[in-house]
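*Asks:* Sharing entry.cif (mmCIF, C-alpha atoms) below.
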data_coords
#
loop_
_atom_site.label_atom_id
_atom_site.label_comp_id
_atom_site.auth_asym_id
_atom_site.auth_seq_id
_atom_site.Cartn_x
_atom_site.Cartn_y
_atom_site.Cartn_z
CA MET F 1 235.51 56.52 169.69
CA ALA F 2 238.21 59.15 169.55
CA LYS F 3 237.40 62.58 168.24
CA THR F 4 238.41 63.31 164.67
CA GLU F 5 241.61 65.39 164.50
CA SER F 6 241.31 69.00 163.30
CA THR F 7 243.51 68.54 160.27
CA LEU F 8 242.77 70.46 157.09
CA LYS F 9 241.78 67.31 155.24
CA ASN F 10 239.39 66.21 157.98
CA MET F 11 237.80 69.63 158.27
CA VAL F 12 237.26 70.03 154.55
CA LEU F 13 235.88 66.52 154.26
CA THR F 14 233.54 66.92 157.21
CA LEU F 15 232.11 70.19 155.95
CA LEU F 16 231.79 68.76 152.46
CA VAL F 17 229.85 65.73 153.66
CA ILE F 18 227.59 67.80 155.93
CA THR F 19 226.74 70.37 153.29
CA CYS F 20 226.11 67.66 150.69
CA VAL F 21 223.73 65.78 152.97
CA ALA F 22 222.00 69.04 153.92
CA GLY F 23 221.67 70.06 150.29
CA ALA F 24 220.30 66.70 149.23
CA SER F 25 217.71 66.57 152.00
CA LEU F 26 216.58 70.13 151.26
CA GLY F 27 216.26 69.33 147.58
CA GLY F 28 214.13 66.30 148.40
CA MET F 29 211.99 68.31 150.80
CA TYR F 30 211.51 71.01 148.19
CA GLU F 31 210.23 68.48 145.68
CA LEU F 32 207.87 67.07 148.30
CA THR F 33 206.38 70.39 149.35
CA LYS F 34 206.36 72.10 145.95
CA GLY F 35 202.91 70.77 145.07
CA PRO F 36 201.20 71.52 148.39
CA ILE F 37 202.73 75.03 148.52
CA ALA F 38 201.41 75.87 145.06
CA ALA F 39 198.04 74.37 145.99
CA ALA F 40 197.88 76.41 149.20
CA LYS F 41 198.65 79.63 147.31
CA MET F 42 196.05 78.76 144.69
CA ALA F 43 193.44 77.98 147.35
CA LYS F 44 194.11 81.33 149.02
CA GLN F 45 193.68 83.15 145.73
CA GLN F 46 190.49 81.24 144.93
CA ALA F 47 189.06 81.95 148.37
CA ALA F 48 189.83 85.64 147.94
CA ILE F 49 188.14 85.75 144.54
CA LYS F 50 185.10 83.96 145.91
CA GLU F 51 184.90 86.41 148.76
CA VAL F 52 184.97 89.52 146.59
CA VAL F 53 182.77 88.40 143.68
CA SER F 54 180.41 85.57 144.47
CA GLY F 55 178.05 83.62 142.27
CA PHE F 56 180.29 82.88 139.29
CA ASP F 57 180.55 79.47 137.70
CA ASN F 58 183.71 79.76 135.63
CA ASN F 59 187.25 79.43 136.89
CA PRO F 60 188.53 83.02 137.07
CA GLY F 61 192.07 81.78 137.60
CA ASP F 62 192.10 80.31 134.08
CA GLU F 63 191.09 83.58 132.45
CA MET F 64 193.43 85.75 134.45
CA TYR F 65 195.12 88.62 132.64
CA GLU F 66 197.59 91.24 133.75
CA LEU F 67 197.62 94.98 133.21
CA THR F 68 200.10 97.59 134.30
CA SER F 69 198.74 100.58 136.16
CA LYS F 70 199.87 104.16 135.64
CA GLU F 71 201.99 103.81 138.77
CA GLY F 72 203.79 100.84 137.29
CA PHE F 73 202.18 98.08 139.36
CA VAL F 74 201.26 94.90 137.60
CA LEU F 75 197.67 94.11 138.52
CA LYS F 76 196.02 90.75 138.09
CA PHE F 77 192.46 90.63 136.77
CA PHE F 78 190.20 87.65 137.32
CA PRO F 79 186.99 87.86 135.27
CA ALA F 80 184.09 86.15 137.05
CA LYS F 81 181.35 84.90 134.76
CA LYS F 82 178.04 83.21 135.22
CA GLY F 83 177.26 81.31 132.06
CA ASP F 84 178.61 83.70 129.43
CA GLU F 85 177.75 86.86 131.27
CA LEU F 86 180.45 88.83 133.05
CA ILE F 87 179.21 89.45 136.57
CA GLY F 88 182.32 91.03 137.99
CA VAL F 89 186.08 91.24 138.05
CA ALA F 90 188.31 90.40 140.96
CA ILE F 91 191.36 92.65 140.82
CA GLU F 92 194.55 92.05 142.73
CA SER F 93 195.75 95.57 143.33
CA GLN F 94 198.51 97.09 145.38
CA THR F 95 200.00 100.34 146.58
CA ASN F 96 203.30 101.39 148.06
CA LYS F 97 201.78 104.15 150.15
CA GLY F 98 201.21 101.98 153.21
CA PHE F 99 202.49 103.03 156.61
CA SER F 100 205.17 100.39 156.28
CA GLY F 101 205.59 98.89 152.86
CA ASN F 102 203.26 97.59 150.24
CA ILE F 103 199.61 96.74 150.71
CA LYS F 104 198.09 94.11 148.47
CA ILE F 105 194.35 93.79 148.21
CA MET F 106 191.81 91.86 146.18
CA VAL F 107 188.83 93.97 145.20
CA GLY F 108 185.74 92.83 143.34
CA LEU F 109 184.13 95.26 140.92
CA LYS F 110 180.90 94.88 139.01
CA PRO F 111 181.37 95.33 135.25
CA ASP F 112 180.32 98.98 135.65
CA GLY F 113 182.89 99.57 138.38
CA THR F 114 180.73 99.40 141.52
CA ILE F 115 182.65 97.87 144.43
CA ILE F 116 181.24 94.50 145.47
CA ASN F 117 183.65 93.48 148.21
CA TYR F 118 187.33 93.43 149.03
CA GLN F 119 189.89 91.44 150.94
CA VAL F 120 193.30 92.48 152.21
CA LEU F 121 195.88 89.96 151.02
CA GLU F 122 199.21 91.25 152.28
CA HIS F 123 200.35 94.17 154.37
CA LYS F 124 202.80 95.17 157.07
CA GLU F 125 200.69 97.80 158.81
CA THR F 126 200.72 98.34 162.57
CA PRO F 127 198.86 95.59 164.44
CA GLY F 128 195.73 96.96 166.06
CA LEU F 129 195.71 100.13 163.96
CA GLY F 130 196.29 99.73 160.24
CA THR F 131 195.40 96.04 160.36
CA LYS F 132 191.81 97.02 161.07
CA MET F 133 191.40 97.76 157.37
CA ALA F 134 190.59 94.07 156.86
CA ASP F 135 187.08 94.74 158.22
CA TRP F 136 186.80 98.50 158.68
CA PHE F 137 185.77 99.42 155.15
CA LYS F 138 183.19 96.60 155.10
CA THR F 139 181.49 97.63 158.32
CA ASP F 140 178.26 99.50 157.84
CA LYS F 141 178.84 102.18 160.44
CA GLY F 142 178.95 105.92 159.79
CA ASN F 143 180.71 106.43 156.49
CA GLN F 144 183.13 103.56 156.89
CA SER F 145 181.83 101.16 154.29
CA ILE F 146 182.91 101.37 150.69
CA LEU F 147 180.85 98.38 149.57
CA GLY F 148 178.30 99.16 146.90
CA LYS F 149 179.96 102.49 146.14
CA HIS F 150 181.23 103.58 142.78
CA PRO F 151 184.65 105.25 142.68
CA LYS F 152 183.42 107.65 140.01
CA ASN F 153 180.15 108.70 141.65
CA ASN F 154 181.44 108.60 145.21
CA LYS F 155 184.53 110.45 146.27
CA LEU F 156 186.46 107.59 147.79
CA THR F 157 189.08 109.38 149.83
CA VAL F 158 189.22 109.86 153.59
CA SER F 159 187.09 112.68 155.00
CA LYS F 160 190.25 114.51 156.07
CA ASP F 161 191.11 114.85 152.38
CA GLY F 162 187.60 115.99 151.47
CA GLY F 163 186.28 112.56 150.59
CA GLU F 164 183.32 110.68 151.95
CA VAL F 165 184.95 107.72 153.67
CA ASP F 166 185.68 107.68 157.40
CA ALA F 167 189.33 106.77 157.95
CA ILE F 168 190.34 104.15 160.50
CA THR F 169 190.77 105.83 163.86
CA ALA F 170 194.45 106.70 164.36
CA ALA F 171 195.45 105.10 161.06
CA THR F 172 194.83 107.74 158.42
CA ILE F 173 197.92 106.80 156.42
CA SER F 174 196.89 103.16 156.19
CA SER F 175 193.37 104.25 155.23
CA ARG F 176 194.67 106.54 152.50
CA ALA F 177 196.89 103.76 151.19
CA PHE F 178 194.02 101.29 151.16
CA LEU F 179 191.78 103.66 149.22
CA ASP F 180 194.69 104.34 146.91
CA ALA F 181 194.90 100.64 146.08
CA ILE F 182 191.16 100.65 145.33
CA ARG F 183 191.59 103.70 143.10
CA ILE F 184 194.47 102.06 141.23
CA ALA F 185 192.35 98.97 140.63
CA PHE F 186 189.38 100.98 139.43
CA GLU F 187 191.34 103.31 137.16
CA THR F 188 193.36 100.56 135.56
CA TYR F 189 190.18 98.60 135.01
CA THR F 190 188.12 101.39 133.44
CA GLU F 191 190.92 102.87 131.38
CA ASN F 192 191.61 99.59 129.68
CA GLN F 193 188.03 98.49 129.43
CA SER F 194 187.57 99.38 125.78
CA SER F 195 190.59 97.41 124.68
CA LEU F 196 189.73 94.38 126.75
CA PRO F 197 187.76 91.26 126.12
CA VAL F 198 185.01 92.15 128.59
CA ALA F 199 181.31 91.37 128.79
CA SER F 200 180.94 90.36 125.17
CA ASN F 201 183.81 87.92 125.24
CA THR F 202 182.55 84.37 125.46
CA SER F 203 185.69 82.47 124.62
CA THR F 204 187.69 80.85 127.34
CA GLU F 205 191.04 81.69 125.87
CA GLU F 206 193.58 83.63 127.87
CA GLY F 207 192.61 87.28 128.13
CA GLY F 208 194.87 90.28 127.98
CA THR F 209 196.08 89.66 124.46
CA GLU F 210 195.78 93.31 123.58
CA MET K 1 221.51 61.87 184.41
CA ASN K 2 217.95 61.49 185.55
CA GLN K 3 215.92 61.81 182.34
CA LEU K 4 212.86 63.24 184.04
CA LYS K 5 214.92 65.98 185.62
CA ASN K 6 216.63 66.48 182.31
CA PHE K 7 213.26 66.98 180.65
CA SER K 8 211.62 69.17 183.26
CA LYS K 9 214.48 71.60 183.72
CA GLY K 10 213.48 73.36 180.49
CA PHE K 11 210.16 74.39 181.92
CA PHE K 12 211.19 76.12 185.08
CA LYS K 13 214.69 75.82 186.46
CA GLU K 14 216.45 76.54 183.16
CA ASN K 15 213.59 77.93 181.15
CA ALA K 16 215.03 79.50 178.02
CA VAL K 17 212.99 82.68 178.22
CA PHE K 18 212.45 83.29 181.93
CA THR K 19 215.80 82.17 183.29
CA LEU K 20 218.40 81.96 180.54
CA LEU K 21 216.95 84.91 178.58
CA LEU K 22 217.81 83.19 175.31
CA GLY K 23 215.91 83.61 172.05
CA MET K 24 214.64 87.09 172.90
CA CYS K 25 214.09 88.10 169.27
CA PRO K 26 211.20 85.69 168.53
CA THR K 27 210.03 85.99 172.13
CA LEU K 28 209.37 89.69 171.75
CA GLY K 29 208.55 89.64 168.05
CA VAL K 30 205.89 87.01 167.51
CA THR K 31 204.02 86.89 170.78
CA SER K 32 201.31 89.39 169.85
CA SER K 33 198.83 86.52 170.06
CA ALA K 34 198.77 83.20 171.89
CA ILE K 35 198.47 81.11 168.76
CA ASP K 36 201.46 82.79 167.11
CA GLY K 37 203.52 82.20 170.25
CA LEU K 38 202.50 78.55 170.36
CA GLY K 39 203.23 78.03 166.65
CA MET K 40 206.64 79.65 166.97
CA GLY K 41 207.40 77.62 170.09
CA LEU K 42 206.49 74.33 168.44
CA ALA K 43 208.47 75.14 165.29
CA THR K 44 211.48 75.91 167.47
CA THR K 45 210.92 72.71 169.46
CA PHE K 46 211.02 70.64 166.29
CA VAL K 47 214.24 72.27 165.15
CA LEU K 48 215.75 71.91 168.61
CA VAL K 49 214.95 68.20 168.93
CA MET K 50 216.13 67.37 165.41
CA SER K 51 219.32 69.39 165.63
CA ASN K 52 220.13 67.95 169.07
CA LEU K 53 219.54 64.48 167.65
CA VAL K 54 221.80 64.97 164.65
CA VAL K 55 224.48 66.79 166.60
CA ALA K 56 224.58 64.02 169.21
CA LEU K 57 224.93 61.47 166.43
CA ILE K 58 227.72 63.18 164.50
CA LYS K 59 229.58 64.88 167.33
CA ASP K 60 232.41 62.33 167.27
CA PHE K 61 233.06 62.76 163.57
CA ILE K 62 233.29 66.52 163.63
CA PRO K 63 236.71 68.09 164.14
CA ASP K 64 236.56 70.66 166.94
CA LYS K 65 237.60 73.60 164.79
CA VAL K 66 234.67 73.28 162.38
CA ARG K 67 232.18 72.41 165.10
CA ILE K 68 230.14 75.62 164.97
CA PRO K 69 229.79 75.84 161.15
CA SER K 70 228.72 72.20 161.08
CA PHE K 71 226.08 72.78 163.74
CA ILE K 72 224.81 75.86 161.94
CA VAL K 73 224.40 73.94 158.68
CA VAL K 74 222.47 71.20 160.50
CA ILE K 75 220.21 73.75 162.19
CA ALA K 76 219.66 75.76 159.01
CA THR K 77 218.64 72.60 157.18
CA PHE K 78 215.96 71.78 159.70
CA VAL K 79 214.72 75.36 159.81
CA THR K 80 214.30 75.35 156.04
CA ILE K 81 212.42 72.06 156.26
CA VAL K 82 210.09 73.55 158.87
CA GLU K 83 209.64 76.65 156.73
CA MET K 84 208.65 74.68 153.63
CA THR K 85 206.38 72.35 155.57
CA MET K 86 204.56 75.22 157.25
CA GLN K 87 204.18 77.06 153.97
CA ALA K 88 202.62 73.96 152.46
CA TYR K 89 200.31 72.80 155.25
CA VAL K 90 199.62 75.75 157.57
CA PRO K 91 199.87 78.78 155.23
CA ALA K 92 197.88 81.03 157.59
CA LEU K 93 200.30 80.50 160.47
CA PHE K 94 203.22 80.84 158.09
CA ASP K 95 201.90 84.22 156.96
CA SER K 96 201.65 85.59 160.48
CA LEU K 97 205.04 84.29 161.63
CA GLY K 98 206.65 85.38 158.38
CA LEU K 99 210.25 86.45 158.72
CA PHE K 100 210.66 84.89 162.15
CA ILE K 101 210.73 81.34 160.84
CA PRO K 102 214.04 81.67 158.96
CA LEU K 103 215.33 83.54 162.01
CA ILE K 104 215.10 80.35 164.10
CA VAL K 105 218.52 79.59 162.60
CA VAL K 106 220.07 82.33 164.65
CA ASN K 107 218.00 81.66 167.76
CA CYS K 108 220.81 81.30 170.26
CA LEU K 109 218.72 78.78 172.19
CA VAL K 110 219.07 76.22 169.39
CA LEU K 111 222.79 76.68 168.84
CA GLY K 112 223.28 76.97 172.59
CA ARG K 113 221.77 73.56 173.27
CA ALA K 114 223.66 71.97 170.39
CA GLU K 115 226.95 73.33 171.67
CA ALA K 116 226.42 73.13 175.40
CA PHE K 117 224.46 69.91 175.66
CA ALA K 118 224.13 67.73 172.57
CA SER K 119 227.82 67.86 171.70
CA LYS K 120 228.69 66.49 175.15
CA ASN K 121 225.89 64.03 175.89
CA ASN K 122 224.50 60.86 174.39
CA LEU K 123 221.64 60.56 171.93
CA GLY K 124 218.83 59.84 174.41
CA SER K 125 219.63 62.67 176.80
CA SER K 126 220.08 65.09 173.90
CA ILE K 127 216.62 64.35 172.50
CA VAL K 128 215.03 64.66 175.92
CA ASP K 129 216.92 67.91 176.51
CA GLY K 130 215.77 69.32 173.17
CA LEU K 131 212.18 68.32 173.86
CA GLY K 132 212.19 69.79 177.35
CA MET K 133 213.90 73.04 176.39
CA GLY K 134 211.75 73.42 173.28
CA LEU K 135 208.45 72.80 175.04
CA GLY K 136 209.56 75.11 177.85
CA PHE K 137 210.24 77.77 175.24
CA ALA K 138 206.85 77.10 173.62
CA MET K 139 205.17 77.37 177.02
CA ALA K 140 206.86 80.69 177.76
CA LEU K 141 205.91 82.10 174.35
CA THR K 142 202.32 80.95 174.71
CA MET K 143 202.07 82.50 178.18
CA LEU K 144 203.47 85.79 176.96
CA GLY K 145 201.28 85.66 173.85
CA SER K 146 198.16 84.98 175.93
CA ILE K 147 198.85 87.88 178.25
CA ARG K 148 199.50 90.29 175.40
CA GLU K 149 196.52 89.11 173.38
CA LEU K 150 194.19 89.31 176.38
CA LEU K 151 195.30 92.75 177.54
CA GLY K 152 195.79 94.14 174.06
CA SER K 153 192.76 92.97 172.14
CA GLY K 154 190.55 91.25 174.70
CA LYS K 155 190.91 87.85 173.09
CA LEU K 156 192.45 84.52 174.01
CA PHE K 157 193.38 82.14 171.18
CA GLY K 158 191.11 84.23 168.96
CA THR K 159 188.04 83.94 171.22
CA ALA K 160 186.72 87.25 172.49
CA ILE K 161 186.86 87.57 176.28
CA PHE K 162 185.88 91.21 176.50
CA PRO K 163 185.16 93.85 173.81
CA GLU K 164 188.20 94.92 171.85
CA ASP K 165 187.53 98.59 172.52
CA TYR K 166 188.67 98.12 176.12
CA GLY K 167 191.97 96.54 175.07
CA MET K 168 195.22 98.34 175.71
CA LEU K 169 196.72 98.61 172.27
CA VAL K 170 200.24 99.03 173.61
CA PHE K 171 200.36 95.36 174.59
CA VAL K 172 199.97 94.26 170.99
CA LEU K 173 202.80 96.58 169.93
CA ALA K 174 206.50 96.09 170.65
CA PRO K 175 206.72 98.09 173.91
CA GLY K 176 203.98 95.92 175.40
CA ALA K 177 206.14 92.86 174.76
CA PHE K 178 208.90 94.29 176.96
CA ILE K 179 206.48 95.36 179.68
CA ALA K 180 204.67 92.03 179.78
CA LEU K 181 207.91 90.02 179.68
CA GLY K 182 209.38 92.14 182.48
CA TYR K 183 206.44 91.52 184.78
CA LEU K 184 206.33 87.85 183.88
CA ILE K 185 210.02 87.38 184.72
CA ALA K 186 209.57 89.30 187.96
CA PHE K 187 206.69 87.02 188.88
CA ILE K 188 208.65 83.86 188.02
CA ASN K 189 211.62 85.07 190.06
CA HIS K 190 209.32 85.74 192.98
CA VAL K 191 207.86 82.24 192.79
CA LYS K 192 211.38 80.80 192.60
CA LYS K 193 212.47 82.62 195.71
CA GLU K 194 209.49 81.35 197.64
CA ALA K 195 210.04 77.79 196.52
#
As structure tokens - that is how I would like this structure written.

*Replies:*
Amino acid sequence: MAKTESTLKNMVLTLLVITCVAGASLGGMYELTKGPIAAAKMAKQQAAIKEVVSGFDNNPGDEMYELTSKEGFVLKFFPAKKGDELIGVAIESQTNKGFSGNIKIMVGLKPDGTIINYQVLEHKETPGLGTKMADWFKTDKGNQSILGKHPKNNKLTVSKDGGEVDAITAATISSRAFLDAIRIAFETYTENQSSLPVASNTSTEEGGTE
Amino acid sequence: MNQLKNFSKGFFKENAVFTLLLGMCPTLGVTSSAIDGLGMGLATTFVLVMSNLVVALIKDFIPDKVRIPSFIVVIATFVTIVEMTMQAYVPALFDSLGLFIPLIVVNCLVLGRAEAFASKNNLGSSIVDGLGMGLGFAMALTMLGSIRELLGSGKLFGTAIFPEDYGMLVFVLAPGAFIALGYLIAFINHVKKEA
């Protein structure tokens, strides 16, 4: 078959047909993957909540509420309950003080503010240096671990800044940023505690209606 | 053309990374671990095969002057499909490859094969070419990723080979990519000369 001539009509028609087919197939693909993508995101969030506060039997995702921190970040709070008793809150916190860009973490606090566990959700820190924060602050070695500490009773800044946490070797900025995200989570949580439907709240309605 | 030769040329004789030096951006960017390299290579292979297939099918209908834009639209469509599929079914890999997935669109390897091969050959050869070039690219990325992961963090496909403390951090970072790639190409060239 001879090649189509490069006339204006032919070119416009060809491009039109190609872009239409491309658009249609992408639209179809989007519809197909929309469900699984949402499910994958949900599963990731659930896994993170389970990791940082274990032993709950409600669905923290259903009772999620949002609060804005002093710094202007919107934090997500997932209350974890066993029966009617609040056993902890998983807080999705973030900071913009990372070595390169934002750091997003999920931290679990007991109702009184003691840190249960944490998980790093998103970051762009240097591989091999800042990325170590995923495990560093959980490792029980020297003064690395922040688990079981209380941001009010323990000074949770790096030792270089007069605090009691050992920073990641060669990644002080990432360490500072990480602890900053913890601080933001804790402060936003405690400052709004009085106005929030916390431990006493037994209803399953959406929180954060203050 | 001999199909077997057509397929195997992508691995050694015309390997995209070691010989043609195409697609350097993902090659250097995502090979900090073997599994990332392999994932990137396979994603590129899929795009390459599909775009070669479509380009070979429609090449006669496309006026010469709008050839490149048409190819780009075809490639971009498949890249977006890969992106959405990965996000849905392998979210962990998608997270670590991140920005590099959409960048497959501008991987000159993909457009290069569409323009230089698929637009001049029949359907069968084009698919075989895409498969060979793509798998060759995946192989190169996996090799580079393995070397960097092993030297940098003492692991291979996530399994610890030696303690991480002895790893040379530089190999996980960008400069290590250049160093490792340089030595790898030198080695391949040496082997080629001998052969």

*Asks:* Please provide as a list of chain:residue names all residues within 10 Å of region 148-151 of chain K, with the sequence filter that same-chain residues fewer than 5 positions apart are discarded (counting all atoms listed in the file).

*Replies:*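 Using all atoms listed in the file, the neighbours found are K:Thr31, K:Ser32, K:Ser33, K:Ala34, K:Ile35, K:Thr142, K:Met143, K:Leu156, K:Phe157, K:Gly158, K:Thr159, K:Ala160, K:Ile161, K:Phe162, K:Glu164, K:Tyr166, K:Gly167, K:Met168, K:Leu169, K:Val170, K:Phe171, K:Val172, K:Leu173, K:Gly176, K:Ala177, K:Ile179, K:Ala180, K:Leu181.
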
*Asks:* Select residues of chain F: the criterion is any atom within 10 Å of an atom of chain K, counting only C-alpha atoms; output as a ChimeraX atom specification.

*Replies:* /F:1-8,10-19,21-23,25-30,32-41,44,122,126-129

*Asks:* Quick one: everything within 7 Å of Gly108 (chain F), counting all atoms listed in the file, minus sequence neighbours fewer than 3 positions away in the same chain. Send it as JSON, numbers by chain.

*Replies:* {"F": [52, 53, 88, 89, 90, 91, 115, 116, 117, 118]}

*Asks:* I'd like to know which of K:Leu28, K:Leu20, K:Ala43, K:Leu99 is closest to Leu144 (chain K), using only C-alpha atoms.

*Replies:*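 Closest residue, counting only C-alpha atoms: K:Leu28.
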
*Asks:* Applied to this file, what does the PyMOL selection byres ((chain F and resi 182) around 12) return in terms of residues, put as a PyMOL selection string?

*Replies:* chain F and resi 69+75+90-95+103-109+113-120+137+146-147+149-152+155-157+175-181+183-189

*Asks:* Kindly save the residues from that selection, with C-alpha atoms included, as a PDB file, in the coordinates of the input.

*Replies:*
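As a result, part24.pdb now contains:
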ATOM      1  CA  SER F  69     198.740 100.580 136.160  1.00  0.00           C
ATOM      2  CA  LEU F  75     197.670  94.110 138.520  1.00  0.00           C
ATOM      3  CA  ALA F  90     188.310  90.400 140.960  1.00  0.00           C
ATOM      4  CA  ILE F  91     191.360  92.650 140.820  1.00  0.00           C
ATOM      5  CA  GLU F  92     194.550  92.050 142.730  1.00  0.00           C
ATOM      6  CA  SER F  93     195.750  95.570 143.330  1.00  0.00           C
ATOM      7  CA  GLN F  94     198.510  97.090 145.380  1.00  0.00           C
ATOM      8  CA  THR F  95     200.000 100.340 146.580  1.00  0.00           C
ATOM      9  CA  ILE F 103     199.610  96.740 150.710  1.00  0.00           C
ATOM     10  CA  LYS F 104     198.090  94.110 148.470  1.00  0.00           C
ATOM     11  CA  ILE F 105     194.350  93.790 148.210  1.00  0.00           C
ATOM     12  CA  MET F 106     191.810  91.860 146.180  1.00  0.00           C
ATOM     13  CA  VAL F 107     188.830  93.970 145.200  1.00  0.00           C
ATOM     14  CA  GLY F 108     185.740  92.830 143.340  1.00  0.00           C
ATOM     15  CA  LEU F 109     184.130  95.260 140.920  1.00  0.00           C
ATOM     16  CA  GLY F 113     182.890  99.570 138.380  1.00  0.00           C
ATOM     17  CA  THR F 114     180.730  99.400 141.520  1.00  0.00           C
ATOM     18  CA  ILE F 115     182.650  97.870 144.430  1.00  0.00           C
ATOM     19  CA  ILE F 116     181.240  94.500 145.470  1.00  0.00           C
ATOM     20  CA  ASN F 117     183.650  93.480 148.210  1.00  0.00           C
ATOM     21  CA  TYR F 118     187.330  93.430 149.030  1.00  0.00           C
ATOM     22  CA  GLN F 119     189.890  91.440 150.940  1.00  0.00           C
ATOM     23  CA  VAL F 120     193.300  92.480 152.210  1.00  0.00           C
ATOM     24  CA  PHE F 137     185.770  99.420 155.150  1.00  0.00           C
ATOM     25  CA  ILE F 146     182.910 101.370 150.690  1.00  0.00           C
ATOM     26  CA  LEU F 147     180.850  98.380 149.570  1.00  0.00           C
ATOM     27  CA  LYS F 149     179.960 102.490 146.140  1.00  0.00           C
ATOM     28  CA  HIS F 150     181.230 103.580 142.780  1.00  0.00           C
ATOM     29  CA  PRO F 151     184.650 105.250 142.680  1.00  0.00           C
ATOM     30  CA  LYS F 152     183.420 107.650 140.010  1.00  0.00           C
ATOM     31  CA  LYS F 155     184.530 110.450 146.270  1.00  0.00           C
ATOM     32  CA  LEU F 156     186.460 107.590 147.790  1.00  0.00           C
ATOM     33  CA  THR F 157     189.080 109.380 149.830  1.00  0.00           C
ATOM     34  CA  SER F 175     193.370 104.250 155.230  1.00  0.00           C
ATOM     35  CA  ARG F 176     194.670 106.540 152.500  1.00  0.00           C
ATOM     36  CA  ALA F 177     196.890 103.760 151.190  1.00  0.00           C
ATOM     37  CA  PHE F 178     194.020 101.290 151.160  1.00  0.00           C
ATOM     38  CA  LEU F 179     191.780 103.660 149.220  1.00  0.00           C
ATOM     39  CA  ASP F 180     194.690 104.340 146.910  1.00  0.00           C
ATOM     40  CA  ALA F 181     194.900 100.640 146.080  1.00  0.00           C
ATOM     41  CA  ARG F 183     191.590 103.700 143.100  1.00  0.00           C
ATOM     42  CA  ILE F 184     194.470 102.060 141.230  1.00  0.00           C
ATOM     43  CA  ALA F 185     192.350  98.970 140.630  1.00  0.00           C
ATOM     44  CA  PHE F 186     189.380 100.980 139.430  1.00  0.00           C
ATOM     45  CA  GLU F 187     191.340 103.310 137.160  1.00  0.00           C
ATOM     46  CA  THR F 188     193.360 100.560 135.560  1.00  0.00           C
ATOM     47  CA  TYR F 189     190.180  98.600 135.010  1.00  0.00           C
TER      48      TYR F 189
END
